[in-house]
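Peer 1: Below is the file entry_13.cif, with mmCIF, C-alpha atoms.
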data_query
#
loop_
_atom_site.label_atom_id
_atom_site.label_comp_id
_atom_site.auth_asym_id
_atom_site.auth_seq_id
_atom_site.Cartn_x
_atom_site.Cartn_y
_atom_site.Cartn_z
CA MET A 384 -10.69 -37.27 -15.79
CA ASP A 385 -11.16 -34.61 -13.15
CA LEU A 386 -8.52 -32.00 -12.33
CA PHE A 387 -7.21 -33.86 -9.27
CA ASP A 388 -6.56 -37.04 -11.28
CA ARG A 389 -5.00 -35.04 -14.10
CA ILE A 390 -2.57 -33.37 -11.69
CA SER A 391 -1.64 -36.75 -10.21
CA ALA A 392 -0.93 -38.18 -13.67
CA ASP A 393 1.11 -35.12 -14.61
CA ILE A 394 3.21 -35.49 -11.44
CA LYS A 395 4.28 -38.94 -12.63
CA ALA A 396 5.10 -37.57 -16.08
CA ALA A 397 7.15 -34.71 -14.57
CA MET A 398 9.07 -37.20 -12.43
CA LEU A 399 9.94 -39.31 -15.45
CA ALA A 400 10.94 -36.24 -17.46
CA ARG A 401 12.96 -34.89 -14.50
CA GLU A 402 11.31 -31.47 -14.75
CA LYS A 403 12.13 -30.04 -11.33
CA VAL A 404 10.09 -26.79 -11.36
CA ARG A 405 7.06 -28.48 -12.92
CA LEU A 406 7.22 -31.34 -10.41
CA GLU A 407 7.49 -29.02 -7.40
CA THR A 408 4.61 -26.89 -8.67
CA LEU A 409 2.36 -29.89 -9.33
CA ARG A 410 3.12 -31.31 -5.89
CA GLY A 411 2.16 -27.93 -4.39
CA ILE A 412 -1.12 -27.98 -6.32
CA LYS A 413 -1.88 -31.52 -5.15
CA LYS A 414 -1.12 -30.50 -1.54
CA GLU A 415 -3.61 -27.61 -1.79
CA PHE A 416 -6.22 -29.94 -3.32
CA LEU A 417 -5.75 -32.53 -0.56
CA GLU A 418 -6.06 -29.84 2.11
CA ALA A 419 -9.28 -28.61 0.50
CA LYS A 420 -10.64 -32.16 0.34
CA THR A 421 -9.95 -32.83 4.00
CA ALA A 422 -10.88 -29.38 5.31
CA LYS A 423 -13.13 -29.22 8.32
CA GLY A 424 -16.76 -29.23 7.27
CA GLY A 425 -15.95 -30.68 3.84
CA ASP A 426 -17.40 -33.89 2.47
CA GLY A 427 -14.08 -35.33 1.25
CA THR A 428 -14.58 -34.37 -2.39
CA LEU A 429 -13.23 -31.58 -4.53
CA THR A 430 -15.28 -30.25 -7.42
CA ASP A 431 -13.55 -28.90 -10.49
CA ASP A 432 -15.02 -25.44 -9.71
CA ALA A 433 -13.40 -25.45 -6.28
CA ALA A 434 -10.16 -26.73 -7.80
CA LEU A 435 -10.15 -23.92 -10.38
CA LYS A 436 -10.61 -21.34 -7.62
CA ILE A 437 -7.61 -22.81 -5.79
CA LEU A 438 -5.53 -22.73 -8.99
CA ALA A 439 -6.50 -19.13 -9.74
CA LYS A 440 -5.52 -18.10 -6.22
CA MET A 441 -2.18 -19.91 -6.50
CA ALA A 442 -1.39 -18.30 -9.87
CA LYS A 443 -2.25 -14.85 -8.51
CA GLN A 444 -0.02 -15.40 -5.48
CA ARG A 445 2.91 -16.42 -7.70
CA LYS A 446 2.52 -13.34 -9.90
CA GLU A 447 2.31 -10.99 -6.92
CA THR A 448 5.38 -12.59 -5.35
CA ALA A 449 7.26 -12.32 -8.66
CA GLN A 450 6.41 -8.62 -8.79
CA ILE A 451 7.84 -8.12 -5.29
CA TYR A 452 11.02 -9.99 -6.24
CA ASP A 453 11.28 -7.85 -9.37
CA GLU A 454 11.11 -4.67 -7.27
CA GLN A 455 13.89 -6.06 -5.08
CA ASN A 456 16.04 -7.01 -8.10
CA ARG A 457 15.92 -10.71 -7.20
CA MET A 458 15.58 -11.98 -10.78
CA ASP A 459 16.47 -15.59 -9.90
CA LEU A 460 13.54 -15.84 -7.48
CA ARG A 461 11.23 -13.89 -9.79
CA ASP A 462 11.93 -16.24 -12.69
CA ASN A 463 11.13 -19.27 -10.53
CA GLU A 464 7.80 -17.75 -9.41
CA LEU A 465 6.86 -16.92 -13.02
CA ALA A 466 7.75 -20.45 -14.12
CA GLU A 467 5.49 -21.86 -11.41
CA ALA A 468 2.69 -19.49 -12.41
CA ALA A 469 3.00 -20.68 -16.02
CA VAL A 470 2.61 -24.31 -14.93
CA ILE A 471 -0.45 -23.46 -12.82
CA GLU A 472 -2.04 -21.47 -15.66
CA GLU A 473 -1.93 -24.55 -17.92
CA TYR A 474 -4.81 -25.93 -15.86
CA LEU A 475 -6.87 -22.74 -15.81
CA PRO A 476 -9.41 -21.82 -18.50
CA LYS A 477 -8.15 -19.38 -21.12
CA GLN A 478 -8.31 -15.85 -19.78
CA LEU A 479 -10.53 -13.32 -21.55
CA THR A 480 -8.87 -10.63 -23.63
CA ASP A 481 -9.68 -7.00 -22.90
CA GLU A 482 -12.13 -6.87 -25.82
CA GLU A 483 -13.86 -10.11 -24.79
CA LEU A 484 -14.12 -8.88 -21.20
CA THR A 485 -15.67 -5.60 -22.34
CA ALA A 486 -18.22 -7.42 -24.51
CA GLU A 487 -19.19 -9.80 -21.69
CA LEU A 488 -19.53 -6.97 -19.18
CA GLU A 489 -21.63 -4.87 -21.56
CA LYS A 490 -24.07 -7.81 -21.82
CA ILE A 491 -24.18 -8.17 -18.03
CA ILE A 492 -24.74 -4.42 -17.54
CA GLU A 493 -27.58 -4.57 -20.06
CA GLN A 494 -29.14 -7.59 -18.27
CA THR A 495 -28.96 -5.96 -14.84
CA GLY A 496 -30.18 -2.60 -16.14
CA ALA A 497 -27.42 -0.71 -14.36
CA THR A 498 -26.94 2.85 -15.57
CA SER A 499 -24.72 4.56 -13.01
CA PRO A 500 -21.65 3.80 -10.89
CA LYS A 501 -23.97 3.58 -7.86
CA GLU A 502 -25.22 0.25 -9.24
CA MET A 503 -21.75 -1.25 -9.54
CA GLY A 504 -22.42 -3.78 -6.76
CA LYS A 505 -25.35 -5.26 -8.66
CA VAL A 506 -23.20 -5.71 -11.78
CA MET A 507 -20.19 -7.05 -9.86
CA GLY A 508 -22.28 -9.76 -8.20
CA VAL A 509 -23.41 -11.15 -11.52
CA ALA A 510 -20.09 -10.56 -13.30
CA SER A 511 -18.00 -12.25 -10.61
CA LYS A 512 -20.04 -15.43 -10.87
CA ALA A 513 -20.31 -15.40 -14.67
CA LEU A 514 -16.63 -14.68 -15.33
CA SER A 515 -15.15 -16.67 -12.45
CA GLY A 516 -11.82 -18.18 -13.46
CA ARG A 517 -11.79 -16.45 -16.83
CA ALA A 518 -10.91 -12.95 -15.63
CA ASP A 519 -9.22 -11.40 -12.61
CA GLY A 520 -11.50 -9.68 -10.10
CA LYS A 521 -9.49 -6.44 -10.27
CA ALA A 522 -9.77 -6.36 -14.05
CA ILE A 523 -13.52 -6.97 -13.87
CA SER A 524 -13.97 -4.23 -11.28
CA ALA A 525 -11.91 -1.69 -13.23
CA LYS A 526 -13.74 -2.42 -16.47
CA VAL A 527 -17.20 -2.25 -14.82
CA LYS A 528 -16.28 1.11 -13.28
CA GLU A 529 -15.08 2.36 -16.67
CA LEU A 530 -18.23 1.20 -18.49
CA LEU A 531 -20.62 2.62 -15.89
CA ASN A 532 -18.89 6.01 -15.93
CA LYS A 533 -19.53 6.47 -19.64
#
Please rewrite the model in this file as structure tokens.
Peer 2:
Amino acid sequence: MDLFDRISADIKAAMLAREKVRLETLRGIKKEFLEAKTAKGGDGTLTDDAALKILAKMAKQRKETAQIYDEQNRMDLRDNELAEAAVIEEYLPKQLTDEELTAELEKIIEQTGATSPKEMGKVMGVASKALSGRADGKAISAKVKELLNK
């Protein structure tokens, strides 16, 4: 079962269970998937890779919005955004821990032969593709910078 079908099935389950936040979040995900499927220049299909990119973007947006609400002391809105982010993250691959990320990046740096911060672009190109969906781009960038400055 691909991600689109799984979301559709989970919408039905959320309806039956009367889980309001989960249902709204899943409907939002399905809307984004349908828009991606019918986007101009698309072929009417949605690969799981493309779906995961959409989910990662949605989760990141929810977390950033929650942070803004937190700064404005709007805890009710923040909690809703975090609840939605938690639902979205159920469909994402498990995120790498800091130690796992460091180990993966050390391998990539070794493969590319980068030795200085000037070669960060070469490492980031490979790392972004290899770790897509499993680590945030900012975290990858910060860790690469740290490792190359050693």
Peer 1: Between atom CA of A:Leu531 and atom CA of A:Gln478, what is the distance in Å, rounded to a tenth?
Peer 2: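 Interatomic distance here is 22.5 Å.
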Peer 1: When the PyMOL selection byres ((chain A and resi 402-411) around 9) is applied to the file above, which residues end up in the set, as number ranges by chain?
Peer 2: A: 390-391, 393-401, 412-416, 463, 466-468, 470-471
Peer 1: Neighbours of A:Glu472 within 8 Å (all atoms listed in the file; same-chain residues fewer than 2 positions away dropped), as a list in words?
Peer 2: Leu438, Ala439, Ala442, Ala468, Ala469, Val470, Tyr474, Leu475 and Pro476 of chain A
Peer 1: When you draw a straight line from atom CA of A:Gly425 to atom CA of A:Ile437, how long is it in Å?
Peer 2: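 Between atom CA of A:Gly425 and atom CA of A:Ile437 the gap is 15.0 Å.
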Peer 1: Hey, can you check how far atom CA of A:Leu435 sits from atom CA of A:Ser515?
Peer 2: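 For atom CA of A:Leu435 relative to atom CA of A:Ser515, the distance reads 9.0 Å.
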Peer 1: On this structure, which residues satisfy the PyMOL selection byres ((chain A and resi 506) around 8), written as JSON, numbers by chain?
Peer 2: {"A": [491, 492, 495, 497, 502, 503, 504, 505, 507, 508, 509, 510, 527]}
Peer 1: Find the residue from A:Asn456, A:Ala392, A:Gly427, A:Leu488 that sits nearest to A:Lys512; use all atoms listed in the file when measuring.
Peer 2: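 Closest residue, counting all atoms listed in the file: A:Leu488.
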Peer 1: Hey, which of A:Thr480, A:Asp385, A:Ala525, A:Ala434 ends up closest to A:Glu418? Count all atoms listed in the file.
Peer 2: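 For A:Glu418, the nearest of the given residues is A:Ala434.
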Peer 1: On this file, the PyMOL selection byres ((chain A and resi 533) around 12) gives some set of residues; write that set as a list in words.
Peer 2: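 After applying the PyMOL selection byres ((chain A and resi 533) around 12), what remains is Glu489, Ala497, Thr498, Ser499, Pro500, Lys526, Val527, Lys528, Glu529, Leu530, Leu531 and Asn532 of chain A.
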Peer 1: Which residue gives the smallest distance to A:Tyr452 among A:Glu493, A:Glu482, A:Glu464, A:Asp519, with only C-alpha atoms counted?
Peer 2: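 Closest to A:Tyr452 of all the choices is A:Glu464.
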Peer 1: Show me, as a list of chain:residue names, the residues that have an atom within 12 Å of A:Leu460 when counting only C-alpha atoms, minus same-chain residues fewer than 6 positions from it.
Peer 2: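 Answer for this query is A:Arg445, A:Lys446, A:Thr448, A:Ala449, A:Gln450, A:Ile451, A:Tyr452, A:Asp453, A:Glu454, A:Ala466, A:Glu467.
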Peer 1: Kindly compute an axis-aligned box around the listed atoms of stretch 447-464 of chain A, allowing 3 Å on each side, and express its centre and edge lengths in Å to one decimal as JSON.
Peer 2:
{"center_x": 9.4, "center_y": -12.0, "center_z": -8.9, "size_x": 20.2, "size_y": 20.6, "size_z": 13.6}
Peer 1: For A:Thr430, which of A:Leu479, A:Ala486, A:Leu386, A:Ala522 is the closest residue, counting all atoms listed in the file?
Peer 2: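 Among the listed residues, A:Leu386 lies closest to A:Thr430.
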